[in-house]
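**Q** Quick one: this structure, given as structure tokens, is what I'll be asking you about.
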Amino acid sequence: MKMVYSVDVYNKEWKVVSKIELNESSFSDSPVSPNLLHEYYLYQMANARVSIANTKTRWEVAWSNKKIFKQKWTGNARAWEKRSPIRRWWWVAFGPRTERNFSKSMNKKSRKLAINWLISLKAKDNAILWLDSFEFKDIKTKNAISVLKNIWLQNEKVLFVMDKRSPLIEKSFSNMENVKYILVDYINPYDLMYYNKVLFLQSALEILNK
């Protein structure tokens with residue numbers, strides 16, 4: 001049996017202004033394999049990874065090709081040029097290169113299923129809050145702090161989800177290290193698992209609920 005969640009929508013004074021029910025076809029208690037969540041997490045981390053390690057190949061090292069010493073009668077092994085990879089400071093055989101691709105692929109339907117289940121878990125734990133709007137005349141961190149205090153989130157790690165970019169919201173929350181703001185299209189498993197509370201604007205919720 002599916003359980004449908006209804007969520008109260010608050011204003012910045014922490015008064016209930018409306019109630020929204022999550023879409024039953026998307027959000028429910030239907031279990032999802034932990035392997036699916038783990039796959040999505042690896043997909044996100046791998047695609048965000050940037051290869052910065054880069055070692056030189058033998059042709060990128062500037063040095064003479066002259067033999068270090070003559071081939072016979074020295075008692076040493078037959079050494080080649082000084083830039084050989086077995087010698088210190090020179091090129092690395094099979095070393096890391098910036099061309100390496102760490103990206104992974106994952107089915108879009110599977111990603112949607114995993115995200116919906118994570119949001120359902122947050123709703124089940126009362127970790128999702130909905131704000132009807134964030135409207136102030138001035139851009140001030142003080143306004144952002146007052147809203148979080150009114151909804152008892154001043155000491156929580158909060159993920160603020162918007163429907164579109166807003167300089168008012170972004171600049172008001174930019175100095176708060178425990179708050180991250182993202183667009184609803186960029187909801188991801190890492191942020192949903194890392195942040196204790198998820199604060200949606202009502203307009204972002206309506207997009208997500210479709």
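Naming works like this for the structure tokens: A, B, ... for the chains as they're shown, residue 1 at the start of each chain, ligands 1 onward in shown order.
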Give me the residues within 9 Å of range 175-188 of chain A as a VMD selection string, counting only C-alpha atoms and dropping any in the same chain fewer than 4 places off.
**A** chain A and resid 40 to 41 44 115 141 144 to 145 154 to 165 169 to 171 192 to 193 195 200 204 to 205 207 to 208
**Q** Keeping N, CA and C atoms for every residue in the selection just given, could you write it to a file as a tab-separated table (two decimals), in the first residue's frame?
**A**
chain	number	residue	atom	x	y	z
A	40	TYR	N	23.80	5.59	-8.26
A	40	TYR	CA	23.56	7.00	-8.58
A	40	TYR	C	24.61	7.89	-7.93
A	41	TYR	N	24.97	7.58	-6.68
A	41	TYR	CA	25.99	8.35	-5.98
A	41	TYR	C	27.33	8.27	-6.73
A	44	GLN	N	27.22	10.35	-9.89
A	44	GLN	CA	27.39	11.78	-9.64
A	44	GLN	C	28.85	12.12	-9.34
A	115	ILE	N	16.01	9.37	-6.92
A	115	ILE	CA	15.78	10.70	-6.36
A	115	ILE	C	14.43	10.78	-5.67
A	141	THR	N	22.11	39.29	4.82
A	141	THR	CA	22.21	38.00	5.49
A	141	THR	C	21.29	37.95	6.70
A	144	ALA	N	18.00	36.39	5.85
A	144	ALA	CA	18.08	34.93	5.73
A	144	ALA	C	18.12	34.27	7.10
A	145	ILE	N	18.88	34.87	8.02
A	145	ILE	CA	18.97	34.31	9.37
A	145	ILE	C	17.62	34.37	10.08
A	154	GLN	N	18.19	27.39	12.20
A	154	GLN	CA	19.42	28.18	12.27
A	154	GLN	C	20.65	27.34	12.61
A	155	ASN	N	20.46	26.17	13.24
A	155	ASN	CA	21.59	25.31	13.62
A	155	ASN	C	21.64	24.03	12.80
A	156	GLU	N	20.91	24.00	11.70
A	156	GLU	CA	20.84	22.81	10.85
A	156	GLU	C	21.59	23.03	9.54
A	157	LYS	N	22.00	21.93	8.92
A	157	LYS	CA	22.55	22.00	7.56
A	157	LYS	C	21.36	21.97	6.60
A	158	VAL	N	21.19	23.05	5.85
A	158	VAL	CA	19.97	23.24	5.06
A	158	VAL	C	20.30	23.30	3.57
A	159	LEU	N	19.50	22.56	2.80
A	159	LEU	CA	19.57	22.64	1.35
A	159	LEU	C	18.37	23.45	0.87
A	160	PHE	N	18.62	24.62	0.28
A	160	PHE	CA	17.56	25.51	-0.18
A	160	PHE	C	17.35	25.27	-1.67
A	161	VAL	N	16.14	24.85	-2.04
A	161	VAL	CA	15.84	24.50	-3.43
A	161	VAL	C	14.95	25.57	-4.06
A	162	MET	N	15.40	26.13	-5.19
A	162	MET	CA	14.67	27.20	-5.88
A	162	MET	C	14.22	26.70	-7.25
A	163	ASP	N	13.22	27.38	-7.81
A	163	ASP	CA	12.77	27.04	-9.16
A	163	ASP	C	13.60	27.76	-10.22
A	164	LYS	N	14.13	28.93	-9.89
A	164	LYS	CA	14.96	29.69	-10.81
A	164	LYS	C	15.93	30.54	-10.00
A	165	ARG	N	16.96	31.04	-10.66
A	165	ARG	CA	17.98	31.81	-9.97
A	165	ARG	C	17.41	33.12	-9.43
A	169	ILE	N	17.99	35.70	-3.03
A	169	ILE	CA	18.22	34.51	-2.21
A	169	ILE	C	19.70	34.15	-2.17
A	170	GLU	N	20.33	34.15	-3.33
A	170	GLU	CA	21.73	33.71	-3.42
A	170	GLU	C	22.65	34.60	-2.58
A	171	LYS	N	22.48	35.91	-2.68
A	171	LYS	CA	23.36	36.82	-1.95
A	171	LYS	C	23.01	36.88	-0.46
A	192	LEU	N	21.10	15.55	-0.96
A	192	LEU	CA	19.96	15.07	-0.19
A	192	LEU	C	20.41	14.26	1.02
A	193	MET	N	21.51	13.55	0.88
A	193	MET	CA	22.00	12.74	2.00
A	193	MET	C	22.86	13.55	2.96
A	195	TYR	N	22.69	17.03	3.64
A	195	TYR	CA	22.00	18.08	4.40
A	195	TYR	C	20.85	17.50	5.22
A	200	PHE	N	12.23	23.83	0.44
A	200	PHE	CA	11.77	24.10	-0.92
A	200	PHE	C	10.99	25.41	-0.96
A	204	ALA	N	9.23	25.76	-6.55
A	204	ALA	CA	10.11	24.63	-6.86
A	204	ALA	C	9.41	23.31	-6.59
A	205	LEU	N	8.62	23.27	-5.52
A	205	LEU	CA	7.87	22.06	-5.19
A	205	LEU	C	6.87	21.71	-6.29
A	207	ILE	N	7.08	22.31	-9.43
A	207	ILE	CA	7.80	21.73	-10.55
A	207	ILE	C	8.17	20.29	-10.26
A	208	LEU	N	8.67	20.05	-9.06
A	208	LEU	CA	9.08	18.70	-8.67
A	208	LEU	C	7.88	17.75	-8.60
**Q** Report the residues of chain A whose backbone DSSP state falls under strand (DSSP E), written as JSON, numbers by chain.
**A** {"A": [6, 7, 8, 9, 10, 16, 17, 18, 19, 20, 21, 128, 129, 130, 131, 158, 159, 160, 161, 162, 179, 180, 181, 182, 183, 197, 198, 199, 200, 201]}
**Q** I'd like to know which of A:Leu199, A:Pro34, A:Glu81, A:Thr55 is closest to Asp132 in chain A, using only C-alpha atoms.
**A**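 Once distances to Asp132 in chain A are computed over only C-alpha atoms, the minimum belongs to A:Leu199.
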**Q** Which of range 46-126 of chain A counts as helix (DSSP H, G or I) under DSSP, as JSON, numbers by chain please?
**A** {"A": [46, 47, 48, 108, 109, 110, 111, 112, 113, 114, 115, 116, 117, 118, 119, 120, 121, 122, 123, 124]}
**Q** Nearest residue to Ala123 in chain A out of A:Lys70, A:Val7, A:Arg78, A:Asn47, using only C-alpha atoms?
**A**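 Checking each of A:Lys70, A:Val7, A:Arg78, A:Asn47 against Ala123 in chain A, counting only C-alpha atoms, the winner is A:Val7.
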**Q** From the options A:Ile119, A:Leu36, A:Ala48, A:Ile86, which residue's atoms come nearest to Asn23 in chain A, counting only C-alpha atoms?
**A** A:Ile119
**Q** CA of Phe173 in chain A to CA of Val147 in chain A: how many Å, to one decimal?
**A**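 For CA of Phe173 in chain A relative to CA of Val147 in chain A, the distance reads 10.7 Å.
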**Q** Pick from A:Tyr190, A:Leu37, A:Asn11, A:Met106: nearest to Glu135 in chain A, with only C-alpha atoms counted?
**A**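 Ranked by minimum distance to Glu135 in chain A, first place goes to A:Asn11.
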**Q** Using only C-alpha atoms, which protein or nucleic acid residues come within 8 Å of Ile20 in chain A? Drop anything in the same chain fewer than 2 positions from it, and give the result as a list of chain:residue names.
**A**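 Counting only C-alpha atoms, the residues come to A:Ser6, A:Val7, A:Asp8, A:Val9, A:Ser18, A:Leu22.
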